[in-house]
Amino acid sequence: MTRWAGTLFLLLLAATAPLLAPTTWRDAGRWPDLAVLAVVFLGFRGTPDRAAMFGIAVGLVASLWTPEPLLFRPFVLGSVGYVAGHAASILHRDHVVVRLVAAAAGVVAMRLAEQIAAALSAGSAAPWTGYDAARVASVTFTAAVATGLAMPVYFAVAKRWRLLAPLERSFRDV
Amino acid sequence: MAISRTHRVPILLLALLTGTLLFPRACDSVRLGVGARLPATVPPTDATVTELPREREAVLAKRLTLLEQQQAARPSGDAALAGLRVQSRRASAAPVAVAARVLHVEVSSARRTFVIDAGQDDGVVPGLPVIQSDSLIGVVVTASARAARVLRIDDRAAATTFPAAVLTSEADAASPLRGQGVSRGTGDGLLRVSFLGADGARVGDLVVTNAGSRMVPEGLVLGEVIEMSDEERDGSFEAVVRPLRDLETIASVLVLRVEPTGLRVESK
């Protein structure tokens, strides 16, 4: 049971961290996306399936305080984990730059999906202007950089304390 | 037929995507209700109360001028009677305010929403305007029994598009009304009022809601003009408006339980 305590802690932390962040920081993208970091970590140190399932679990919990449809966040986070897992199997999974790019790409995918969901939702027909696109791009870039910078610390802590050990790859999976 | 183990997760992800597209509002009120039961993350604060006198003074001065203008231009005969009938209808549908506390500012990079602790049990239904003092903060978009989701006025959704009137900031102006347009959120704490003439707004002018919205009463403050431009150079100017309230630090609001006045007006 205690093996899963760390995993449960990281799951709840990933889902609730944005809620506890200062709103101005979060809206400006100056806050690392811990959910993306968690699923990318599992994608690199676990298996694609486990990363996807963890992403779905985080997304379901986080959907309690998100305005998007119920299954939207589980789908996006699960997809990020699944793709990260497969990408890790063909890339240098231990290279810090590869991990950094994967974390940043996950954030970009997450935010792009949120913009698409907002545009598709009923009643959001406001036309995009150059100003809007530039602002969204700027905030997304900031969030990707913030998450990329937090990646080494997050990976080191999760690895050192074996917080996601039950979901990491073992000899049986090789 | 057994599903291959390697295909289980992709099929699950596909099912999630299908569910998102087919049932975008699935379990929305249940989810909102469960989320509202969690400890609030917005601390109650009275910081905004200190801003009230300045804002209220400016709004009341402009309203007084506007009422004086309307009094001078009051129509006579049948037109006046019809006007009184409409006003009578509106008076009978006087809004009742429900006080609510902000529980969570919701997590999304594309949406600007927050959850309040008043819901259908308090008469809060989708479409109702949410105010603080004289400022419009947003509109209710989803309501569960004891909680509701409010879409802020700076969100880009069409639900936060309102007819807007620009009131001049010049004390010696002949008319307090400088221009009329349509306001919508930009997604970053500001609003844009479109379809203005070249002299439709100036920096420092006050922007309020105009008549024409089904649920949002006229005269609620949207903000102050901070920039005026014609980016597309088509002769239709846009004013960038900053809300007088800091939308990020809202801790308590009032929900106006108005009836859709537009459907109640009779014409003979």
# chains A, B, ... in the order shown; residues from 1 in each chain; ligands from 1
>>> residues_around(residues="B:Thr113", least_positions_apart="3", cutoff="9 Å", atoms="only C-alpha atoms", output="ChimeraX atom specification")
/A:66-67 /B:104-108,138,149-152,155
>>> write_last_selection(atoms="N, CA and C atoms", output="mmCIF file, in the first residue's frame")
data_model
loop_
_atom_site.group_PDB
_atom_site.id
_atom_site.type_symbol
_atom_site.label_atom_id
_atom_site.label_comp_id
_atom_site.auth_asym_id
_atom_site.auth_seq_id
_atom_site.Cartn_x
_atom_site.Cartn_y
_atom_site.Cartn_z
ATOM 1 N N THR A 66 -12.246 22.174 -13.994
ATOM 2 C CA THR A 66 -11.948 22.734 -15.317
ATOM 3 C C THR A 66 -13.263 22.938 -16.067
ATOM 4 N N PRO A 67 -13.342 23.972 -16.887
ATOM 5 C CA PRO A 67 -14.596 24.249 -17.589
ATOM 6 C C PRO A 67 -14.792 23.413 -18.855
ATOM 7 N N HIS B 104 -13.505 28.653 -6.470
ATOM 8 C CA HIS B 104 -12.294 28.328 -7.234
ATOM 9 C C HIS B 104 -12.256 29.165 -8.514
ATOM 10 N N VAL B 105 -11.064 29.606 -8.878
ATOM 11 C CA VAL B 105 -10.854 30.110 -10.241
ATOM 12 C C VAL B 105 -10.441 28.892 -11.051
ATOM 13 N N GLU B 106 -11.246 28.518 -12.055
ATOM 14 C CA GLU B 106 -11.041 27.236 -12.723
ATOM 15 C C GLU B 106 -9.783 27.232 -13.584
ATOM 16 N N VAL B 107 -9.299 26.015 -13.832
ATOM 17 C CA VAL B 107 -8.020 25.819 -14.515
ATOM 18 C C VAL B 107 -8.249 25.641 -16.010
ATOM 19 N N SER B 108 -7.832 26.601 -16.794
ATOM 20 C CA SER B 108 -7.881 26.487 -18.247
ATOM 21 C C SER B 108 -7.094 27.639 -18.845
ATOM 22 N N GLY B 138 -19.479 38.892 -14.967
ATOM 23 C CA GLY B 138 -19.618 37.787 -15.904
ATOM 24 C C GLY B 138 -21.051 37.307 -15.972
ATOM 25 N N ARG B 149 -21.103 27.911 -12.364
ATOM 26 C CA ARG B 149 -19.894 28.338 -13.058
ATOM 27 C C ARG B 149 -20.178 29.674 -13.733
ATOM 28 N N VAL B 150 -19.258 30.640 -13.505
ATOM 29 C CA VAL B 150 -19.423 31.980 -14.063
ATOM 30 C C VAL B 150 -18.354 32.218 -15.119
ATOM 31 N N LEU B 151 -18.802 32.637 -16.293
ATOM 32 C CA LEU B 151 -17.875 32.989 -17.373
ATOM 33 C C LEU B 151 -17.566 34.474 -17.240
ATOM 34 N N ARG B 152 -16.294 34.806 -17.072
ATOM 35 C CA ARG B 152 -15.919 36.202 -16.858
ATOM 36 C C ARG B 152 -16.101 37.028 -18.130
ATOM 37 N N ASP B 155 -13.633 36.692 -21.051
ATOM 38 C CA ASP B 155 -13.508 35.464 -21.834
ATOM 39 C C ASP B 155 -13.890 35.759 -23.284
#
>>> interface_residues(of="chain A", to="chain B", cutoff="7 Å", atoms="only C-alpha atoms", output="PyMOL selection string")
chain A and resi 18-20+23-24+27+49+64-67+69-72+75+78-79+111+114-115+118+123-126+132
>>> residues_around(residues="B:Leu256", least_positions_apart="6", cutoff="12 Å", atoms="only C-alpha atoms", output="PyMOL selection string")
chain B and resi 93-100+118+122-140+215-217+220
>>> residues_around(residues="A:Ser89", least_positions_apart="2", cutoff="10 Å", atoms="only C-alpha atoms", output="ChimeraX atom specification")
/A:43-45,47-48,84-87,91-93
>>> write_last_selection(atoms="all heavy atoms", output="PDB file, in the first residue's frame")
ATOM      1  N   GLY A  43       6.170   8.289 -19.181  1.00  0.00           N
ATOM      2  CA  GLY A  43       6.412   7.879 -20.564  1.00  0.00           C
ATOM      3  C   GLY A  43       7.869   7.492 -20.774  1.00  0.00           C
ATOM      4  O   GLY A  43       8.177   6.559 -21.516  1.00  0.00           O
ATOM      5  N   PHE A  44       8.777   8.207 -20.084  1.00  0.00           N
ATOM      6  CA  PHE A  44      10.210   7.960 -20.257  1.00  0.00           C
ATOM      7  C   PHE A  44      10.712   6.846 -19.344  1.00  0.00           C
ATOM      8  O   PHE A  44      11.652   6.143 -19.692  1.00  0.00           O
ATOM      9  CB  PHE A  44      10.999   9.255 -19.998  1.00  0.00           C
ATOM     10  CG  PHE A  44      11.097  10.126 -21.210  1.00  0.00           C
ATOM     11  CD1 PHE A  44       9.966  10.728 -21.739  1.00  0.00           C
ATOM     12  CD2 PHE A  44      12.303  10.327 -21.856  1.00  0.00           C
ATOM     13  CE1 PHE A  44      10.040  11.525 -22.868  1.00  0.00           C
ATOM     14  CE2 PHE A  44      12.385  11.121 -22.987  1.00  0.00           C
ATOM     15  CZ  PHE A  44      11.256  11.726 -23.495  1.00  0.00           C
ATOM     16  N   ARG A  45      10.110   6.702 -18.167  1.00  0.00           N
ATOM     17  CA  ARG A  45      10.608   5.701 -17.229  1.00  0.00           C
ATOM     18  C   ARG A  45       9.652   4.533 -17.024  1.00  0.00           C
ATOM     19  O   ARG A  45       9.957   3.591 -16.320  1.00  0.00           O
ATOM     20  CB  ARG A  45      10.912   6.356 -15.866  1.00  0.00           C
ATOM     21  CG  ARG A  45      12.120   7.279 -15.921  1.00  0.00           C
ATOM     22  CD  ARG A  45      12.496   7.784 -14.544  1.00  0.00           C
ATOM     23  NE  ARG A  45      12.820   6.712 -13.628  1.00  0.00           N
ATOM     24  CZ  ARG A  45      14.021   6.147 -13.497  1.00  0.00           C
ATOM     25  NH1 ARG A  45      15.016   6.546 -14.280  1.00  0.00           N
ATOM     26  NH2 ARG A  45      14.225   5.197 -12.612  1.00  0.00           N
ATOM     27  N   THR A  47       5.975   2.735 -19.178  1.00  0.00           N
ATOM     28  CA  THR A  47       5.573   2.250 -20.499  1.00  0.00           C
ATOM     29  C   THR A  47       4.510   3.199 -21.052  1.00  0.00           C
ATOM     30  O   THR A  47       3.884   3.943 -20.284  1.00  0.00           O
ATOM     31  CB  THR A  47       4.972   0.836 -20.404  1.00  0.00           C
ATOM     32  OG1 THR A  47       3.754   0.920 -19.644  1.00  0.00           O
ATOM     33  CG2 THR A  47       5.931  -0.137 -19.720  1.00  0.00           C
ATOM     34  N   PRO A  48       4.297   3.189 -22.368  1.00  0.00           N
ATOM     35  CA  PRO A  48       3.281   4.083 -22.945  1.00  0.00           C
ATOM     36  C   PRO A  48       1.898   3.860 -22.327  1.00  0.00           C
ATOM     37  O   PRO A  48       1.172   4.826 -22.061  1.00  0.00           O
ATOM     38  CB  PRO A  48       3.288   3.702 -24.428  1.00  0.00           C
ATOM     39  CG  PRO A  48       4.642   3.146 -24.682  1.00  0.00           C
ATOM     40  CD  PRO A  48       5.027   2.455 -23.413  1.00  0.00           C
ATOM     41  N   ALA A  84       4.452  10.210 -25.512  1.00  0.00           N
ATOM     42  CA  ALA A  84       5.765  10.353 -24.856  1.00  0.00           C
ATOM     43  C   ALA A  84       6.409   8.982 -24.655  1.00  0.00           C
ATOM     44  O   ALA A  84       7.628   8.825 -24.832  1.00  0.00           O
ATOM     45  CB  ALA A  84       5.601  11.065 -23.514  1.00  0.00           C
ATOM     46  N   GLY A  85       5.596   7.999 -24.266  1.00  0.00           N
ATOM     47  CA  GLY A  85       6.121   6.650 -24.054  1.00  0.00           C
ATOM     48  C   GLY A  85       6.705   6.052 -25.327  1.00  0.00           C
ATOM     49  O   GLY A  85       7.785   5.450 -25.306  1.00  0.00           O
ATOM     50  N   HIS A  86       5.996   6.232 -26.433  1.00  0.00           N
ATOM     51  CA  HIS A  86       6.493   5.688 -27.702  1.00  0.00           C
ATOM     52  C   HIS A  86       7.693   6.491 -28.219  1.00  0.00           C
ATOM     53  O   HIS A  86       8.626   5.930 -28.804  1.00  0.00           O
ATOM     54  CB  HIS A  86       5.375   5.666 -28.738  1.00  0.00           C
ATOM     55  CG  HIS A  86       4.460   4.489 -28.568  1.00  0.00           C
ATOM     56  ND1 HIS A  86       4.854   3.191 -28.832  1.00  0.00           N
ATOM     57  CD2 HIS A  86       3.182   4.406 -28.129  1.00  0.00           C
ATOM     58  CE1 HIS A  86       3.856   2.360 -28.577  1.00  0.00           C
ATOM     59  NE2 HIS A  86       2.831   3.074 -28.139  1.00  0.00           N
ATOM     60  N   ALA A  87       7.645   7.824 -27.992  1.00  0.00           N
ATOM     61  CA  ALA A  87       8.775   8.656 -28.419  1.00  0.00           C
ATOM     62  C   ALA A  87      10.034   8.266 -27.658  1.00  0.00           C
ATOM     63  O   ALA A  87      11.138   8.214 -28.226  1.00  0.00           O
ATOM     64  CB  ALA A  87       8.443  10.131 -28.207  1.00  0.00           C
ATOM     65  N   LEU A  91      13.854   7.391 -29.001  1.00  0.00           N
ATOM     66  CA  LEU A  91      14.806   8.486 -28.807  1.00  0.00           C
ATOM     67  C   LEU A  91      15.756   8.145 -27.661  1.00  0.00           C
ATOM     68  O   LEU A  91      15.601   7.128 -26.989  1.00  0.00           O
ATOM     69  CB  LEU A  91      14.051   9.784 -28.480  1.00  0.00           C
ATOM     70  CG  LEU A  91      13.116  10.301 -29.577  1.00  0.00           C
ATOM     71  CD1 LEU A  91      12.292  11.455 -29.056  1.00  0.00           C
ATOM     72  CD2 LEU A  91      13.919  10.737 -30.795  1.00  0.00           C
ATOM     73  N   HIS A  92      16.699   9.034 -27.439  1.00  0.00           N
ATOM     74  CA  HIS A  92      17.622   8.846 -26.294  1.00  0.00           C
ATOM     75  C   HIS A  92      16.887   9.271 -25.034  1.00  0.00           C
ATOM     76  O   HIS A  92      16.898  10.443 -24.657  1.00  0.00           O
ATOM     77  CB  HIS A  92      18.877   9.684 -26.506  1.00  0.00           C
ATOM     78  CG  HIS A  92      19.679   9.249 -27.688  1.00  0.00           C
ATOM     79  ND1 HIS A  92      20.465   8.116 -27.678  1.00  0.00           N
ATOM     80  CD2 HIS A  92      19.800   9.782 -28.915  1.00  0.00           C
ATOM     81  CE1 HIS A  92      21.054   7.975 -28.858  1.00  0.00           C
ATOM     82  NE2 HIS A  92      20.656   8.967 -29.629  1.00  0.00           N
ATOM     83  N   ARG A  93      16.267   8.295 -24.365  1.00  0.00           N
ATOM     84  CA  ARG A  93      15.387   8.624 -23.246  1.00  0.00           C
ATOM     85  C   ARG A  93      16.122   9.201 -22.047  1.00  0.00           C
ATOM     86  O   ARG A  93      15.507   9.846 -21.208  1.00  0.00           O
ATOM     87  CB  ARG A  93      14.571   7.409 -22.824  1.00  0.00           C
ATOM     88  CG  ARG A  93      15.376   6.289 -22.265  1.00  0.00           C
ATOM     89  CD  ARG A  93      14.461   5.213 -21.713  1.00  0.00           C
ATOM     90  NE  ARG A  93      13.816   4.409 -22.758  1.00  0.00           N
ATOM     91  CZ  ARG A  93      12.555   4.031 -22.716  1.00  0.00           C
ATOM     92  NH1 ARG A  93      11.792   4.423 -21.732  1.00  0.00           N
ATOM     93  NH2 ARG A  93      12.051   3.286 -23.662  1.00  0.00           N
TER      94      ARG A  93
END
>>> select_by_dssp(residues="stretch 21-259 of chain B", states="strand (DSSP E)", output="ChimeraX atom specification")
/B:96-105,113-116,129-132,135-143,148-152,162-167,177-185,191-196,206-209,221-229,237-242,252-257
>>> residues_around(residues="A:Val80", least_positions_apart="6", cutoff="10 Å", atoms="only C-alpha atoms", output="PyMOL selection string")
chain A and resi 36+39-40+43+48+51-52+55-56+74+102-103+105-107+109-110
>>> write_last_selection(atoms="N, CA, C and O atoms", output="compact mmCIF listing (two decimals), in the first residue's frame")
# COMPACT_ATOMS: atom_id res chain seq x y z
N VAL A 36 1.61 17.41 -16.98
CA VAL A 36 2.38 17.03 -18.17
C VAL A 36 3.72 16.43 -17.75
O VAL A 36 4.16 15.41 -18.30
N VAL A 39 3.20 12.75 -16.60
CA VAL A 39 2.96 11.75 -17.64
C VAL A 39 4.18 11.59 -18.55
O VAL A 39 4.46 10.48 -19.03
N VAL A 40 4.92 12.67 -18.76
CA VAL A 40 6.14 12.55 -19.56
C VAL A 40 7.18 11.72 -18.80
O VAL A 40 7.89 10.88 -19.37
N GLY A 43 6.17 8.29 -19.18
CA GLY A 43 6.41 7.88 -20.56
C GLY A 43 7.87 7.49 -20.77
O GLY A 43 8.18 6.56 -21.52
N PRO A 48 4.30 3.19 -22.37
CA PRO A 48 3.28 4.08 -22.95
C PRO A 48 1.90 3.86 -22.33
O PRO A 48 1.17 4.83 -22.06
N ALA A 51 1.77 5.32 -18.76
CA ALA A 51 1.77 6.79 -18.83
C ALA A 51 0.40 7.29 -19.26
O ALA A 51 -0.12 8.28 -18.72
N ALA A 52 -0.20 6.60 -20.24
CA ALA A 52 -1.52 7.02 -20.71
C ALA A 52 -2.57 6.86 -19.61
O ALA A 52 -3.39 7.75 -19.38
N GLY A 55 -2.15 9.50 -17.06
CA GLY A 55 -2.66 10.77 -17.60
C GLY A 55 -4.18 10.83 -17.54
O GLY A 55 -4.76 11.86 -17.20
N ILE A 56 -4.82 9.71 -17.87
CA ILE A 56 -6.29 9.67 -17.82
C ILE A 56 -6.77 9.87 -16.38
O ILE A 56 -7.73 10.62 -16.13
N PRO A 74 -8.75 14.08 -19.60
CA PRO A 74 -8.24 12.70 -19.61
C PRO A 74 -7.74 12.29 -20.99
O PRO A 74 -6.69 11.63 -21.10
N ALA A 102 10.45 17.07 -24.83
CA ALA A 102 9.20 16.30 -24.66
C ALA A 102 8.25 17.01 -23.70
O ALA A 102 7.04 17.10 -23.96
N ALA A 103 8.79 17.52 -22.59
CA ALA A 103 7.94 18.23 -21.62
C ALA A 103 7.36 19.49 -22.24
O ALA A 103 6.16 19.78 -22.10
N ALA A 105 6.90 20.09 -25.44
CA ALA A 105 5.93 19.71 -26.48
C ALA A 105 4.61 19.28 -25.86
O ALA A 105 3.53 19.56 -26.41
N GLY A 106 4.67 18.62 -24.71
CA GLY A 106 3.45 18.22 -24.02
C GLY A 106 2.62 19.42 -23.60
O GLY A 106 1.40 19.42 -23.72
N VAL A 107 3.31 20.45 -23.11
CA VAL A 107 2.60 21.68 -22.70
C VAL A 107 1.96 22.35 -23.91
O VAL A 107 0.79 22.79 -23.87
N ALA A 109 1.01 20.94 -26.68
CA ALA A 109 -0.13 20.11 -27.11
C ALA A 109 -1.34 20.35 -26.21
O ALA A 109 -2.47 20.48 -26.68
N MET A 110 -1.07 20.40 -24.91
CA MET A 110 -2.16 20.61 -23.94
C MET A 110 -2.86 21.94 -24.19
O MET A 110 -4.10 22.02 -24.25
